[in-house]
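Asks: File name protein-v1.pdb; file contents PDB, C-alpha atoms; full text below.
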ATOM      1  CA  MET A   1     -11.355  18.077   5.737
ATOM      2  CA  ASN A   2     -14.965  17.140   4.958
ATOM      3  CA  HIS A   3     -14.295  16.810   1.199
ATOM      4  CA  VAL A   4     -11.292  14.572   1.852
ATOM      5  CA  LYS A   5     -13.166  12.408   4.348
ATOM      6  CA  ARG A   6     -16.049  11.967   1.926
ATOM      7  CA  TYR A   7     -13.738  10.920  -0.902
ATOM      8  CA  PHE A   8     -11.859   8.426   1.301
ATOM      9  CA  GLU A   9     -15.135   6.914   2.495
ATOM     10  CA  GLN A  10     -16.424   6.601  -1.067
ATOM     11  CA  LEU A  11     -13.118   5.087  -2.177
ATOM     12  CA  GLN A  12     -13.276   2.522   0.630
ATOM     13  CA  ALA A  13     -16.768   1.467  -0.427
ATOM     14  CA  ALA A  14     -15.799   1.262  -4.118
ATOM     15  CA  ILE A  15     -12.659  -0.786  -3.507
ATOM     16  CA  CYS A  16     -14.425  -3.186  -1.146
ATOM     17  CA  SER A  17     -17.143  -3.735  -3.763
ATOM     18  CA  ALA A  18     -14.554  -4.317  -6.490
ATOM     19  CA  LEU A  19     -12.609  -6.846  -4.399
ATOM     20  CA  VAL A  20     -15.764  -8.720  -3.369
ATOM     21  CA  ALA A  21     -16.712  -9.027  -7.047
ATOM     22  CA  ALA A  22     -13.200 -10.119  -8.003
ATOM     23  CA  ASP A  23     -13.024 -12.719  -5.236
ATOM     24  CA  GLY A  24     -16.465 -14.177  -5.880
ATOM     25  CA  ARG A  25     -17.140 -15.604  -2.417
ATOM     26  CA  ALA A  26     -16.033 -13.671   0.669
ATOM     27  CA  VAL A  27     -17.383 -10.415   2.045
ATOM     28  CA  PHE A  28     -15.850  -7.710   4.223
ATOM     29  CA  SER A  29     -16.505  -7.199   7.910
ATOM     30  CA  THR A  30     -18.471  -4.050   8.762
ATOM     31  CA  GLU A  31     -17.107  -2.920  12.119
ATOM     32  CA  GLU A  32     -17.170   0.684  13.304
ATOM     33  CA  PHE A  33     -15.415   2.192  16.303
ATOM     34  CA  LEU A  34     -15.512   5.643  17.880
ATOM     35  CA  PRO A  35     -12.072   6.200  19.439
ATOM     36  CA  GLY A  36     -12.316   9.519  21.256
ATOM     37  CA  ARG A  37     -13.185  12.288  18.808
ATOM     38  CA  GLY A  38     -12.669  10.181  15.696
ATOM     39  CA  ILE A  39     -14.038   7.193  13.862
ATOM     40  CA  SER A  40     -12.505   3.980  12.556
ATOM     41  CA  ARG A  41     -14.123   1.726   9.942
ATOM     42  CA  PRO A  42     -11.937  -1.319   9.322
ATOM     43  CA  ARG A  43     -13.101  -3.632   6.542
ATOM     44  CA  VAL A  44     -11.409  -7.046   6.525
ATOM     45  CA  MET A  45     -11.987 -10.063   4.264
ATOM     46  CA  GLU A  46     -10.545 -13.488   5.090
ATOM     47  CA  GLN A  47     -10.607 -16.947   3.531
ATOM     48  CA  GLY A  48     -12.012 -15.864   0.185
ATOM     49  CA  GLU A  49     -11.950 -17.809  -3.057
ATOM     50  CA  ARG A  50      -9.020 -15.896  -4.507
ATOM     51  CA  LEU A  51      -7.981 -13.662  -1.620
ATOM     52  CA  GLU A  52      -6.625 -15.152   1.569
ATOM     53  CA  LYS A  53      -6.911 -11.770   3.225
ATOM     54  CA  ALA A  54      -7.760  -8.201   2.251
ATOM     55  CA  ALA A  55      -8.111  -5.129   4.443
ATOM     56  CA  VAL A  56      -9.470  -1.722   3.420
ATOM     57  CA  ASN A  57      -9.531   0.611   6.416
ATOM     58  CA  PHE A  58     -10.809   4.173   6.814
ATOM     59  CA  SER A  59     -10.110   6.364   9.827
ATOM     60  CA  HIS A  60     -10.685   9.934  10.936
ATOM     61  CA  SER A  61      -8.928  11.147  14.050
ATOM     62  CA  VAL A  62      -8.613  14.314  16.112
ATOM     63  CA  GLY A  63      -5.686  14.415  18.488
ATOM     64  CA  ASP A  64      -4.092  16.680  21.046
ATOM     65  CA  ALA A  65      -0.538  16.066  19.839
ATOM     66  CA  LEU A  66       0.959  14.711  16.631
ATOM     67  CA  PRO A  67       2.664  11.341  17.214
ATOM     68  CA  GLU A  68       6.395  11.277  16.531
ATOM     69  CA  ALA A  69       5.986   9.207  13.352
ATOM     70  CA  ALA A  70       3.735  11.924  11.879
ATOM     71  CA  SER A  71       6.090  14.805  12.706
ATOM     72  CA  VAL A  72       9.517  13.265  12.119
ATOM     73  CA  ARG A  73       9.875  15.167   8.825
ATOM     74  CA  ASN A  74       8.357  18.312  10.344
ATOM     75  CA  PRO A  75       9.693  18.554  13.896
ATOM     76  CA  HIS A  76       8.340  22.099  14.305
ATOM     77  CA  LEU A  77       4.832  20.560  14.384
ATOM     78  CA  ALA A  78       5.613  18.001  17.081
ATOM     79  CA  GLY A  79       3.182  18.016  19.959
ATOM     80  CA  ARG A  80       0.595  20.226  18.275
ATOM     81  CA  PRO A  81      -3.125  19.363  17.965
ATOM     82  CA  PHE A  82      -4.120  17.831  14.630
ATOM     83  CA  GLU A  83      -6.877  16.297  12.550
ATOM     84  CA  ALA A  84      -6.276  13.439  10.134
ATOM     85  CA  ALA A  85      -8.127  11.211   7.693
ATOM     86  CA  ALA A  86      -6.708   8.129   6.018
ATOM     87  CA  ILE A  87      -7.527   5.089   3.940
ATOM     88  CA  SER A  88      -5.189   2.100   3.714
ATOM     89  CA  MET A  89      -5.500  -1.240   1.992
ATOM     90  CA  ILE A  90      -3.687  -4.516   1.444
ATOM     91  CA  VAL A  91      -4.430  -7.694  -0.508
ATOM     92  CA  HIS A  92      -2.758 -11.034   0.248
ATOM     93  CA  PRO A  93      -3.821 -13.559  -2.443
ATOM     94  CA  TRP A  94      -3.882 -17.334  -2.184
ATOM     95  CA  ASN A  95      -2.087 -17.820  -5.496
ATOM     96  CA  PRO A  96       1.691 -17.147  -5.504
ATOM     97  CA  TYR A  97       1.425 -15.931  -9.091
ATOM     98  CA  VAL A  98      -0.814 -13.055  -7.971
ATOM     99  CA  PRO A  99       1.161 -10.228  -6.334
ATOM    100  CA  THR A 100       0.394  -8.697  -2.987
ATOM    101  CA  PHE A 101      -0.440  -5.031  -3.247
ATOM    102  CA  HIS A 102      -0.646  -2.126  -0.813
ATOM    103  CA  ALA A 103      -2.004   1.404  -1.069
ATOM    104  CA  ASN A 104      -2.748   4.240   1.293
ATOM    105  CA  LEU A 105      -3.801   7.886   1.193
ATOM    106  CA  ARG A 106      -3.768  10.279   4.115
ATOM    107  CA  PHE A 107      -4.413  13.918   5.003
ATOM    108  CA  PHE A 108      -3.079  15.775   8.048
ATOM    109  CA  VAL A 109      -4.154  19.229   9.205
ATOM    110  CA  VAL A 110      -2.535  21.180  12.034
ATOM    111  CA  ASP A 111      -3.768  24.653  11.075
ATOM    112  CA  HIS A 112      -4.581  26.708   7.975
ATOM    113  CA  ASP A 113      -0.918  26.933   6.997
ATOM    114  CA  ASN A 114       0.211  23.462   7.996
ATOM    115  CA  TRP A 115      -1.434  20.577   6.189
ATOM    116  CA  HIS A 116      -0.300  17.894   3.807
ATOM    117  CA  PHE A 117      -1.299  14.790   1.903
ATOM    118  CA  GLY A 118       0.650  11.568   1.632
ATOM    119  CA  GLY A 119       0.315   8.075   0.265
ATOM    120  CA  GLY A 120       0.935   5.940  -2.790
ATOM    121  CA  PHE A 121       0.775   2.329  -3.903
ATOM    122  CA  ASP A 122       3.282  -0.457  -4.472
ATOM    123  CA  LEU A 123       3.327  -4.012  -5.836
ATOM    124  CA  THR A 124       4.987  -7.043  -4.247
ATOM    125  CA  PRO A 125       5.142 -10.006  -6.655
ATOM    126  CA  TYR A 126       6.482 -13.453  -5.853
ATOM    127  CA  TYR A 127       6.645 -14.819  -9.397
ATOM    128  CA  PRO A 128       6.674 -11.636 -11.466
ATOM    129  CA  PHE A 129       5.583 -11.224 -15.078
ATOM    130  CA  ALA A 130       6.921  -8.377 -17.195
ATOM    131  CA  GLU A 131       3.483  -7.501 -18.569
ATOM    132  CA  ASP A 132       2.076  -7.217 -15.038
ATOM    133  CA  VAL A 133       4.851  -4.923 -13.826
ATOM    134  CA  LEU A 134       4.520  -2.830 -16.987
ATOM    135  CA  HIS A 135       0.769  -2.532 -16.486
ATOM    136  CA  TRP A 136       1.200  -1.523 -12.835
ATOM    137  CA  HIS A 137       3.686   1.219 -13.636
ATOM    138  CA  SER A 138       1.693   2.388 -16.648
ATOM    139  CA  GLN A 139      -1.255   3.011 -14.333
ATOM    140  CA  ALA A 140       1.021   4.796 -11.884
ATOM    141  CA  ALA A 141       2.261   7.026 -14.704
ATOM    142  CA  ALA A 142      -1.317   7.657 -15.849
ATOM    143  CA  ALA A 143      -2.288   8.794 -12.348
ATOM    144  CA  CYS A 144       0.516  11.362 -12.431
ATOM    145  CA  ALA A 145       0.230  12.467 -16.072
ATOM    146  CA  PRO A 146      -2.264  15.359 -15.628
ATOM    147  CA  PHE A 147      -0.040  16.975 -13.009
ATOM    148  CA  GLY A 148       3.148  17.656 -14.912
ATOM    149  CA  ASP A 149       6.004  16.022 -16.769
ATOM    150  CA  GLY A 150       8.403  14.146 -14.584
ATOM    151  CA  LEU A 151       6.028  13.639 -11.657
ATOM    152  CA  TYR A 152       5.787   9.877 -12.119
ATOM    153  CA  ALA A 153       9.592   9.582 -12.250
ATOM    154  CA  ARG A 154       9.934  11.609  -9.030
ATOM    155  CA  LEU A 155       7.368   9.593  -7.105
ATOM    156  CA  LYS A 156       8.623   6.275  -8.466
ATOM    157  CA  GLN A 157      12.092   7.128  -7.193
ATOM    158  CA  TRP A 158      10.629   8.146  -3.842
ATOM    159  CA  CYS A 159       8.776   4.831  -3.687
ATOM    160  CA  ASP A 160      11.946   2.890  -4.474
ATOM    161  CA  GLN A 161      13.697   4.671  -1.628
ATOM    162  CA  TYR A 162      10.903   4.222   0.912
ATOM    163  CA  PHE A 163       9.863   0.593   0.330
ATOM    164  CA  TYR A 164      13.362  -0.704   0.938
ATOM    165  CA  LEU A 165      14.455  -3.117   3.669
ATOM    166  CA  THR A 166      17.656  -1.413   4.752
ATOM    167  CA  HIS A 167      18.564  -4.268   7.100
ATOM    168  CA  ARG A 168      18.576  -6.637   4.114
ATOM    169  CA  GLN A 169      19.659  -4.174   1.425
ATOM    170  CA  GLU A 170      16.655  -5.303  -0.607
ATOM    171  CA  PRO A 171      13.569  -3.663  -2.160
ATOM    172  CA  ARG A 172      10.207  -4.885  -0.888
ATOM    173  CA  GLY A 173       8.881  -5.335  -4.421
ATOM    174  CA  VAL A 174       8.754  -3.538  -7.763
ATOM    175  CA  GLY A 175       7.539  -0.220  -6.403
ATOM    176  CA  GLY A 176       4.988   2.213  -7.732
ATOM    177  CA  LEU A 177       4.315   5.672  -6.247
ATOM    178  CA  PHE A 178       5.065   7.278  -2.906
ATOM    179  CA  PHE A 179       4.669  10.866  -1.691
ATOM    180  CA  ASP A 180       4.630  12.612   1.666
ATOM    181  CA  ASP A 181       4.212  16.166   2.967
ATOM    182  CA  TRP A 182       2.436  16.864  -0.321
ATOM    183  CA  THR A 183       1.134  20.410  -0.820
ATOM    184  CA  GLU A 184       2.188  21.107  -4.417
ATOM    185  CA  GLY A 185      -0.152  23.424  -6.296
ATOM    186  CA  GLY A 186      -2.142  24.299  -3.191
ATOM    187  CA  PHE A 187      -4.989  22.350  -1.624
ATOM    188  CA  ASP A 188      -7.265  22.011  -4.667
ATOM    189  CA  GLN A 189      -4.581  20.664  -6.992
ATOM    190  CA  ALA A 190      -3.022  18.468  -4.313
ATOM    191  CA  PHE A 191      -6.424  16.954  -3.557
ATOM    192  CA  GLU A 192      -7.099  16.373  -7.267
ATOM    193  CA  PHE A 193      -3.805  14.524  -7.493
ATOM    194  CA  VAL A 194      -4.651  12.358  -4.469
ATOM    195  CA  GLN A 195      -7.994  11.483  -6.068
ATOM    196  CA  SER A 196      -6.230  10.537  -9.296
ATOM    197  CA  VAL A 197      -3.971   8.153  -7.391
ATOM    198  CA  GLY A 198      -6.942   6.661  -5.554
ATOM    199  CA  ASP A 199      -8.949   6.235  -8.749
ATOM    200  CA  HIS A 200      -6.086   4.302 -10.394
ATOM    201  CA  ILE A 201      -5.633   1.722  -7.616
ATOM    202  CA  MET A 202      -8.140  -0.867  -8.816
ATOM    203  CA  PRO A 203      -7.410  -0.340 -12.546
ATOM    204  CA  ALA A 204      -3.770  -1.043 -11.683
ATOM    205  CA  TYR A 205      -4.393  -4.223  -9.689
ATOM    206  CA  LEU A 206      -7.535  -5.990 -10.866
ATOM    207  CA  PRO A 207      -6.303  -6.883 -14.386
ATOM    208  CA  ILE A 208      -3.254  -8.559 -12.822
ATOM    209  CA  LEU A 209      -5.443 -10.466 -10.378
ATOM    210  CA  GLU A 210      -7.701 -11.633 -13.186
ATOM    211  CA  ARG A 211      -4.779 -12.779 -15.345
ATOM    212  CA  ARG A 212      -3.063 -14.847 -12.651
ATOM    213  CA  ALA A 213      -5.687 -16.017 -10.153
ATOM    214  CA  GLU A 214      -6.318 -19.366 -11.870
ATOM    215  CA  THR A 215      -2.673 -20.224 -12.564
ATOM    216  CA  ALA A 216      -1.809 -23.686 -11.258
ATOM    217  CA  PHE A 217       0.712 -23.825  -8.415
ATOM    218  CA  GLY A 218       2.139 -26.334  -5.981
ATOM    219  CA  GLN A 219       3.569 -26.510  -2.496
ATOM    220  CA  GLU A 220       6.979 -25.236  -3.614
ATOM    221  CA  GLN A 221       5.484 -22.032  -4.992
ATOM    222  CA  GLU A 222       3.284 -21.565  -1.934
ATOM    223  CA  GLN A 223       6.234 -21.973   0.430
ATOM    224  CA  PHE A 224       8.207 -19.373  -1.507
ATOM    225  CA  MET A 225       5.273 -16.948  -1.263
ATOM    226  CA  LEU A 226       5.156 -17.451   2.517
ATOM    227  CA  TYR A 227       8.904 -16.888   2.748
ATOM    228  CA  ARG A 228       8.601 -13.622   0.826
ATOM    229  CA  ARG A 229       5.634 -12.580   2.967
ATOM    230  CA  GLY A 230       8.111 -12.642   5.843
ATOM    231  CA  ARG A 231       9.869  -9.727   4.179
ATOM    232  CA  TYR A 232       6.552  -7.902   4.032
ATOM    233  CA  ALA A 233       6.054  -8.416   7.768
ATOM    234  CA  GLU A 234       9.591  -7.234   8.488
ATOM    235  CA  PHE A 235       9.022  -4.007   6.599
ATOM    236  CA  ASN A 236       5.711  -3.271   8.298
ATOM    237  CA  LEU A 237       7.053  -3.858  11.794
ATOM    238  CA  ALA A 238      10.566  -2.439  11.490
ATOM    239  CA  ILE A 239      10.315   0.394   8.967
ATOM    240  CA  ASP A 240       6.822   1.500   7.977
ATOM    241  CA  ARG A 241       5.936   4.917   9.403
ATOM    242  CA  GLY A 242       2.218   4.199   9.048
ATOM    243  CA  THR A 243       2.479   1.259  11.441
ATOM    244  CA  GLN A 244       4.585   3.319  13.834
ATOM    245  CA  TYR A 245       2.029   6.125  13.714
ATOM    246  CA  GLY A 246      -0.789   3.727  14.532
ATOM    247  CA  LEU A 247       1.088   2.256  17.480
ATOM    248  CA  GLN A 248       2.145   5.660  18.818
ATOM    249  CA  SER A 249      -1.309   7.214  18.476
ATOM    250  CA  GLY A 250      -2.958   4.498  20.535
ATOM    251  CA  ARG A 251      -5.239   3.296  17.768
ATOM    252  CA  ARG A 252      -6.967  -0.083  18.050
ATOM    253  CA  ILE A 253      -4.176  -2.602  17.547
ATOM    254  CA  GLU A 254      -6.300  -4.978  15.433
ATOM    255  CA  SER A 255      -6.821  -2.166  12.915
ATOM    256  CA  VAL A 256      -3.177  -1.083  12.953
ATOM    257  CA  LEU A 257      -1.973  -4.616  12.172
ATOM    258  CA  ALA A 258      -4.789  -5.564   9.797
ATOM    259  CA  SER A 259      -2.356  -5.352   6.879
ATOM    260  CA  MET A 260      -0.168  -8.152   8.235
ATOM    261  CA  PRO A 261      -0.184 -11.386   6.225
ATOM    262  CA  PRO A 262      -2.238 -14.229   7.755
ATOM    263  CA  ARG A 263       0.632 -16.649   7.145
ATOM    264  CA  ALA A 264       4.363 -16.095   6.685
ATOM    265  CA  SER A 265       7.575 -18.017   7.189
ATOM    266  CA  TRP A 266      11.274 -17.480   7.741
ATOM    267  CA  LYS A 267      14.113 -19.777   6.673
ATOM    268  CA  TYR A 268      17.604 -19.422   8.011
ATOM    269  CA  ASN A 269      20.122 -18.208   5.416
ATOM    270  CA  TRP A 270      18.012 -19.388   2.478
ATOM    271  CA  HIS A 271      18.996 -18.553  -1.097
ATOM    272  CA  PRO A 272      17.204 -19.489  -4.326
ATOM    273  CA  GLU A 273      18.743 -22.013  -6.662
ATOM    274  CA  PRO A 274      20.587 -20.127  -9.434
ATOM    275  CA  GLY A 275      18.512 -20.029 -12.604
ATOM    276  CA  SER A 276      15.311 -21.060 -10.812
ATOM    277  CA  PRO A 277      12.006 -19.159 -11.150
ATOM    278  CA  GLU A 278      12.519 -17.987  -7.571
ATOM    279  CA  ALA A 279      15.929 -16.579  -8.461
ATOM    280  CA  VAL A 280      14.384 -14.504 -11.253
ATOM    281  CA  LEU A 281      12.613 -12.358  -8.658
ATOM    282  CA  TYR A 282      15.961 -11.446  -7.102
ATOM    283  CA  THR A 283      18.040 -11.038 -10.234
ATOM    284  CA  ASP A 284      15.558  -9.274 -12.518
ATOM    285  CA  TYR A 285      12.930  -7.574 -10.348
ATOM    286  CA  LEU A 286      14.207  -6.744  -6.861
ATOM    287  CA  ARG A 287      16.281  -3.856  -8.132
ATOM    288  CA  ARG A 288      15.639  -0.333  -9.297
ATOM    289  CA  ARG A 289      14.753  -0.235 -12.980
ATOM    290  CA  ASP A 290      13.067   2.098 -15.448
ATOM    291  CA  TRP A 291      10.178  -0.305 -15.903
ATOM    292  CA  LEU A 292       8.295   1.679 -18.537
ATOM    293  CA  SER A 293      11.208   1.956 -20.938
ATOM    294  CA  GLU A 294      12.805  -1.444 -20.247
ATOM    295  CA  LEU A 295       9.655  -3.598 -20.447
ATOM    296  CA  LYS A 296       7.839  -2.013 -23.396
TER
END
Output the structure of this file as structure tokens.
Replies:
Amino acid sequence: MNHVKRYFEQLQAAICSALVAADGRAVFSTEEFLPGRGISRPRVMEQGERLEKAAVNFSHSVGDALPEAASVRNPHLAGRPFEAAAISMIVHPWNPYVPTFHANLRFFVVDHDNWHFGGGFDLTPYYPFAEDVLHWHSQAAAACAPFGDGLYARLKQWCDQYFYLTHRQEPRGVGGLFFDDWTEGGFDQAFEFVQSVGDHIMPAYLPILERRAETAFGQEQEQFMLYRRGRYAEFNLAIDRGTQYGLQSGRRIESVLASMPPRASWKYNWHPEPGSPEAVLYTDYLRRRDWLSELK
């Protein structure tokens, strides 16, 4: 556990530094809490130059019983003592042409024979660009490349399945990577893979942020971004197992919901005008595609 904790803490510091540099104005909060036998270090940035909100949170917890959300795929472990470490992050930009992104990595240990990693990253654009989506998925493929042919395709498919609003029959965004209950290759190889994913997060996102952050936009584009952020909120509250785990485990609610967008909106029965830039998101991007082969 100590090696994993150390890496997650270092990754938190590195990503916070990178986002502060990219934003150019705001800084992250530096809170620290000691809930029971664990520690929580939420880092939240608000009202930046480019970023309306960003959260990069690290936690280490020791519990007497696995919450239901953490054992739903492994019911034989329900109720057993555990130790866990996790890092999660979200960026909500001001500019509608800059996508929202999310990433998280986690490690659960019940005993010597029962442990696993999980995590991934996904991209949620409002006004997507083919070169941005291609770059994102190229970095996802690069993170997987050292660990075997076909791994990226497997985890991309898993991501497409997980980040899906079943109540709307709609993907949350254009996907990326997702994995859970990950033990492949034993601890050393699984941990190397998790580090590869973590080390590709900023290379995947920052070039997109830099390309789009100064793009001019108006009220119409901003309102569409807020409408689509509503979908993000719906997913987090209705579907996301990470949010459910945080609520069930009794963690500090401000930390659990730090990933929520600062502003969002809902419109009754709204549909984009056919042929409009907003419609392009629905027709061309909110569907499962082989991005690497179709966009090159």
Asks: When you draw a straight line from CA of Ile208 in chain A to CA of Ala140 in chain A, how long is it in Å?
Replies: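 Here the two named atoms are 14.1 Å from each other.
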Asks: So that I can check the surroundings of Phe28 in chain A, please list as a PDB file with C-alpha atoms, keeping the file's coordinate frame every protein, DNA and RNA residue that reaches within 10 Å of it, counting all atoms listed in the file and ignoring chain neighbours fewer than 5 positions away.
Replies:
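Resulting contents of out26.pdb:
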ATOM      1  CA  CYS A  16     -14.425  -3.186  -1.146  1.00  0.00           C
ATOM      2  CA  SER A  17     -17.143  -3.735  -3.763  1.00  0.00           C
ATOM      3  CA  LEU A  19     -12.609  -6.846  -4.399  1.00  0.00           C
ATOM      4  CA  VAL A  20     -15.764  -8.720  -3.369  1.00  0.00           C
ATOM      5  CA  PRO A  42     -11.937  -1.319   9.322  1.00  0.00           C
ATOM      6  CA  ARG A  43     -13.101  -3.632   6.542  1.00  0.00           C
ATOM      7  CA  VAL A  44     -11.409  -7.046   6.525  1.00  0.00           C
ATOM      8  CA  MET A  45     -11.987 -10.063   4.264  1.00  0.00           C
ATOM      9  CA  GLU A  46     -10.545 -13.488   5.090  1.00  0.00           C
ATOM     10  CA  GLY A  48     -12.012 -15.864   0.185  1.00  0.00           C
ATOM     11  CA  LYS A  53      -6.911 -11.770   3.225  1.00  0.00           C
ATOM     12  CA  ALA A  54      -7.760  -8.201   2.251  1.00  0.00           C
ATOM     13  CA  ALA A  55      -8.111  -5.129   4.443  1.00  0.00           C
ATOM     14  CA  VAL A  56      -9.470  -1.722   3.420  1.00  0.00           C
TER      15      VAL A  56
END
Asks: Compare A:Glu278, A:Asp181, A:Asp284, A:Glu214 by their minimum atom-to-atom distance to Tyr227 in chain A, counting only C-alpha atoms, and give me the closest one.
Replies: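 The answer is A:Glu278, which sits nearest to Tyr227 in chain A.
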Asks: Would you compute, for all listed atoms of range 93-112 of chain A, the axis-aligned bounding box grown by 3 Å on each side, and then report its centre and edge lengths in Å rounded to one decimal, as AutoDock Vina command-line options?
Replies:
--center_x -1.4 --center_y 4.4 --center_z 1.5 --size_x 12.3 --size_y 50.5 --size_z 27.1
Asks: Give the answer as one residue: which of A:Thr183, A:Ser265, A:Ser40, A:Thr166 has the shortest atom-to-atom distance to Arg228 in chain A, using only C-alpha atoms?
Replies: A:Ser265
Asks: If we count only C-alpha atoms and set the cut-off at 6 Å, which residues sit around Pro81 in chain A, ignoring sequence neighbours fewer than 2 positions away in its own chain? Please answer as a count of residues only.
Replies: 3
Asks: Find the spatial neighbours of Val280 in chain A, counting only C-alpha atoms, within a cut-off of 12 Å - ignore same-chain residues fewer than 2 positions away - and output them as a list in words.
Replies: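 So, after excluding close chain neighbours, the residues are Pro125, Tyr126, Tyr127, Pro128, Phe129, Ala130, His271, Pro272, Glu273, Pro274, Gly275, Ser276, Pro277, Glu278, Tyr282, Thr283, Asp284, Tyr285, Leu286 and Arg287 of chain A.
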Asks: At most 7 Å from (-12.5, 10.3, 6.8), file frame, only C-alpha atoms: which residues, as a list in words?
Replies: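 Checking each residue against the 7 Å limit leaves Val4, Lys5, Arg6, Phe8, Glu9, Phe58, Ser59, His60, Ala85 and Ala86 of chain A.
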Asks: Could you expand the PyMOL selection byres ((chain A and resi 111) around 12) into the explicit residues it covers here, written as a ChimeraX atom specification?
Replies: /A:1,77,80-84,108-110,112-116
Asks: Under the PyMOL selection byres ((chain A and resi 90) around 8), which residues of this model are included? Write them out as a VMD selection string.
Replies: chain A and resid 54 to 56 88 to 89 91 to 92 100 to 103 259
Asks: I'd like the residues picked by the PyMOL selection byres ((chain A and resi 156) around 9) written out as a PyMOL selection string, using the chain letters and numbers from the file.
Replies: chain A and resi 137+140-141+151-155+157-161+175-178
Asks: Provide range 139-150 of chain A rebuilt to N, CA and C atoms, formatted as a CSV table (one decimal), in the coordinates of the input.
Replies:
chain,number,residue,atom,x,y,z
A,139,GLN,N,-0.2,2.4,-15.1
A,139,GLN,CA,-1.3,3.0,-14.3
A,139,GLN,C,-0.7,4.1,-13.4
A,140,ALA,N,0.4,3.8,-12.8
A,140,ALA,CA,1.0,4.8,-11.9
A,140,ALA,C,1.4,6.1,-12.7
A,141,ALA,N,1.9,5.9,-13.9
A,141,ALA,CA,2.3,7.0,-14.7
A,141,ALA,C,1.0,7.8,-15.1
A,142,ALA,N,-0.1,7.0,-15.4
A,142,ALA,CA,-1.3,7.7,-15.8
A,142,ALA,C,-1.9,8.5,-14.7
A,143,ALA,N,-1.8,8.0,-13.5
A,143,ALA,CA,-2.3,8.8,-12.3
A,143,ALA,C,-1.6,10.1,-12.2
A,144,CYS,N,-0.3,10.2,-12.6
A,144,CYS,CA,0.5,11.4,-12.4
A,144,CYS,C,0.5,12.3,-13.7
A,145,ALA,N,0.1,11.7,-14.8
A,145,ALA,CA,0.2,12.5,-16.1
A,145,ALA,C,-0.4,13.8,-16.1
A,146,PRO,N,-1.6,14.0,-15.5
A,146,PRO,CA,-2.3,15.4,-15.6
A,146,PRO,C,-1.6,16.4,-14.8
A,147,PHE,N,-0.6,16.0,-14.0
A,147,PHE,CA,0.0,17.0,-13.0
A,147,PHE,C,1.4,17.4,-13.3
A,148,GLY,N,1.8,17.1,-14.5
A,148,GLY,CA,3.1,17.7,-14.9
A,148,GLY,C,4.1,16.6,-15.3
A,149,ASP,N,5.0,16.9,-16.3
A,149,ASP,CA,6.0,16.0,-16.8
A,149,ASP,C,7.0,15.7,-15.6
A,150,GLY,N,7.4,14.5,-15.6
A,150,GLY,CA,8.4,14.1,-14.6
A,150,GLY,C,7.9,13.8,-13.2
